[in-house]
Amino acid sequence: MIHPGKTDKIRASIIGFLAVIGIVLLSETVGLAQRADQKVRGIDGFRELRWGTSVEEAARIYQDLYFERYAMIDSREEPLKVYGRRAERGDIENVTFDSIEYWFKGGHFYQIRAVLHSRIGPRTLVTRAENAFDKMNGKLKKRYGDPSDHRVDYVTEFIVVVREATWNVDHSAITIKYEGTGWTNEDLFTLTMQEKPKR
């Protein structure tokens, strides 16, 4: 026969053990939820710059930021200012780009455009640009699901293939575009991330 005092101790031990298991399971569930939330979390900018950051603030964050050129998209609006960085890291999602541009509209950061040029070589079947498109397309699909817009166009005169896909993620739109080789034997991959217009 078990002494009543021992029964209480055993019961307390079991309850304590179950409580520890419950805490472990709860923390695992919270951890999984947080990781899932991070996976689908919206994008509010690029690297250290959030959408809407002023040119002055961006220059404080990136002291190597420099003005490159003006760009016109809509003749009814003022020209956009395009900046580069002297110490830019060209890698985005393990793809190395030739250049990354920071676009400012009305003095505020609203877009980046990353460009990768490549060409068909003597022993090349798939170019760096085409490979980069496939790699980025796979990563973005895994992270955000199917794109909201996807198209493939063929320009028959030069048999140029243009593939484009866009994902809308909360405050941002991400577009990847592959433009196949034409008569120049060069192709192009671009990644554009921008703030979605406010409705």
# chains A, B, ... in the order shown; residues from 1 in each chain; ligands from 1
call {"tool": "residues_around", "arguments": {"residues": "segment 113-115 of chain A", "least_positions_apart": "5", "cutoff": "9 Å", "atoms": "only C-alpha atoms", "output": "JSON, numbers by chain"}}
result
{"A": [90, 92, 97, 98, 99, 100, 101, 102, 103, 188, 189, 190, 191, 192, 193, 194]}
call {"tool": "residues_around", "arguments": {"residues": "Gln111 of chain A", "least_positions_apart": "5", "cutoff": "12 Å", "atoms": "only C-alpha atoms", "output": "ChimeraX atom specification"}}
result
/A:43-47,49-53,80-83,100-105,171-175,191-197
call {"tool": "atom_distance", "arguments": {"atom1": "atom CA of Arg60 of chain A", "atom2": "atom CA of Glu48 of chain A"}}
result
11.0 Å
call {"tool": "select_by_dssp", "arguments": {"residues": "segment 42-162 of chain A", "states": "strand (DSSP E)", "output": "VMD selection string"}}
result
chain A and resid 45 to 46 49 to 50 65 to 71 80 to 85 91 to 92 95 to 96 99 to 105 108 to 119 149 to 155 160 to 162
call {"tool": "atom_distance", "arguments": {"atom1": "atom CA of Thr96 of chain A", "atom2": "atom CA of Glu56 of chain A"}}
result
27.7 Å
call {"tool": "select_by_dssp", "arguments": {"residues": "segment 133-186 of chain A", "states": "helix (DSSP H, G or I)", "output": "JSON, numbers by chain"}}
result
{"A": [133, 134, 135, 136, 137, 138, 139, 140, 141, 142, 143, 144]}
call {"tool": "write_last_selection", "arguments": {"atoms": "C-alpha atoms", "output": "short mmCIF file (atom, residue, chain, number, x, y, z; two decimals), in the first residue's frame"}}
result
data_model
loop_
_atom_site.label_atom_id
_atom_site.label_comp_id
_atom_site.auth_asym_id
_atom_site.auth_seq_id
_atom_site.Cartn_x
_atom_site.Cartn_y
_atom_site.Cartn_z
CA PHE A 133 15.18 33.78 -63.68
CA ASP A 134 14.47 30.08 -63.03
CA LYS A 135 16.23 30.16 -59.65
CA MET A 136 14.45 33.35 -58.48
CA ASN A 137 11.10 32.15 -59.83
CA GLY A 138 11.40 28.93 -57.81
CA LYS A 139 12.39 30.75 -54.60
CA LEU A 140 9.59 33.32 -54.85
CA LYS A 141 6.98 30.65 -55.61
CA LYS A 142 8.12 28.64 -52.60
CA ARG A 143 7.98 31.72 -50.36
CA TYR A 144 4.87 33.53 -51.66
#
call {"tool": "atom_distance", "arguments": {"atom1": "atom CA of Ile120 of chain A", "atom2": "atom CA of Gly180 of chain A"}}
result
10.0 Å
call {"tool": "closest_residue", "arguments": {"among": "A:Trp167, A:Tyr70, A:Tyr178, A:Tyr110", "to": "Ala58 of chain A", "atoms": "only C-alpha atoms"}}
result
A:Tyr110
call {"tool": "decode", "arguments": {"residues": "segment 93-104 of chain A", "atoms": "N, CA, C and O atoms", "output": "PDB file, in the first residue's frame"}}
result
ATOM      1  N   GLU A  93      19.264  37.061 -53.108  1.00  0.00           N
ATOM      2  CA  GLU A  93      18.770  35.676 -53.160  1.00  0.00           C
ATOM      3  C   GLU A  93      19.751  34.762 -53.897  1.00  0.00           C
ATOM      4  O   GLU A  93      19.355  33.921 -54.715  1.00  0.00           O
ATOM      5  N   ASN A  94      21.052  34.936 -53.628  1.00  0.00           N
ATOM      6  CA  ASN A  94      22.119  34.125 -54.242  1.00  0.00           C
ATOM      7  C   ASN A  94      22.226  34.283 -55.760  1.00  0.00           C
ATOM      8  O   ASN A  94      22.746  33.402 -56.440  1.00  0.00           O
ATOM      9  N   VAL A  95      21.717  35.380 -56.276  1.00  0.00           N
ATOM     10  CA  VAL A  95      21.928  35.742 -57.681  1.00  0.00           C
ATOM     11  C   VAL A  95      22.783  37.002 -57.683  1.00  0.00           C
ATOM     12  O   VAL A  95      22.479  37.963 -56.984  1.00  0.00           O
ATOM     13  N   THR A  96      23.860  36.996 -58.461  1.00  0.00           N
ATOM     14  CA  THR A  96      24.756  38.149 -58.518  1.00  0.00           C
ATOM     15  C   THR A  96      24.370  39.028 -59.709  1.00  0.00           C
ATOM     16  O   THR A  96      24.452  38.591 -60.864  1.00  0.00           O
ATOM     17  N   PHE A  97      23.946  40.245 -59.406  1.00  0.00           N
ATOM     18  CA  PHE A  97      23.531  41.189 -60.435  1.00  0.00           C
ATOM     19  C   PHE A  97      24.682  42.110 -60.824  1.00  0.00           C
ATOM     20  O   PHE A  97      25.588  42.364 -60.029  1.00  0.00           O
ATOM     21  N   ASP A  98      24.620  42.623 -62.059  1.00  0.00           N
ATOM     22  CA  ASP A  98      25.630  43.574 -62.535  1.00  0.00           C
ATOM     23  C   ASP A  98      25.448  44.938 -61.887  1.00  0.00           C
ATOM     24  O   ASP A  98      26.420  45.649 -61.643  1.00  0.00           O
ATOM     25  N   SER A  99      24.204  45.315 -61.644  1.00  0.00           N
ATOM     26  CA  SER A  99      23.932  46.620 -61.031  1.00  0.00           C
ATOM     27  C   SER A  99      22.625  46.580 -60.268  1.00  0.00           C
ATOM     28  O   SER A  99      21.730  45.796 -60.583  1.00  0.00           O
ATOM     29  N   ILE A 100      22.541  47.433 -59.232  1.00  0.00           N
ATOM     30  CA  ILE A 100      21.304  47.613 -58.465  1.00  0.00           C
ATOM     31  C   ILE A 100      21.059  49.109 -58.362  1.00  0.00           C
ATOM     32  O   ILE A 100      21.928  49.853 -57.920  1.00  0.00           O
ATOM     33  N   GLU A 101      19.884  49.542 -58.807  1.00  0.00           N
ATOM     34  CA  GLU A 101      19.532  50.964 -58.797  1.00  0.00           C
ATOM     35  C   GLU A 101      18.467  51.231 -57.742  1.00  0.00           C
ATOM     36  O   GLU A 101      17.549  50.424 -57.563  1.00  0.00           O
ATOM     37  N   TYR A 102      18.601  52.359 -57.075  1.00  0.00           N
ATOM     38  CA  TYR A 102      17.629  52.812 -56.074  1.00  0.00           C
ATOM     39  C   TYR A 102      16.854  53.982 -56.676  1.00  0.00           C
ATOM     40  O   TYR A 102      17.438  55.012 -56.991  1.00  0.00           O
ATOM     41  N   TRP A 103      15.555  53.822 -56.845  1.00  0.00           N
ATOM     42  CA  TRP A 103      14.724  54.836 -57.501  1.00  0.00           C
ATOM     43  C   TRP A 103      13.949  55.633 -56.453  1.00  0.00           C
ATOM     44  O   TRP A 103      13.351  55.048 -55.534  1.00  0.00           O
ATOM     45  N   PHE A 104      13.933  56.939 -56.624  1.00  0.00           N
ATOM     46  CA  PHE A 104      13.223  57.847 -55.715  1.00  0.00           C
ATOM     47  C   PHE A 104      12.187  58.647 -56.501  1.00  0.00           C
ATOM     48  O   PHE A 104      12.488  59.210 -57.547  1.00  0.00           O
TER      49      PHE A 104
END
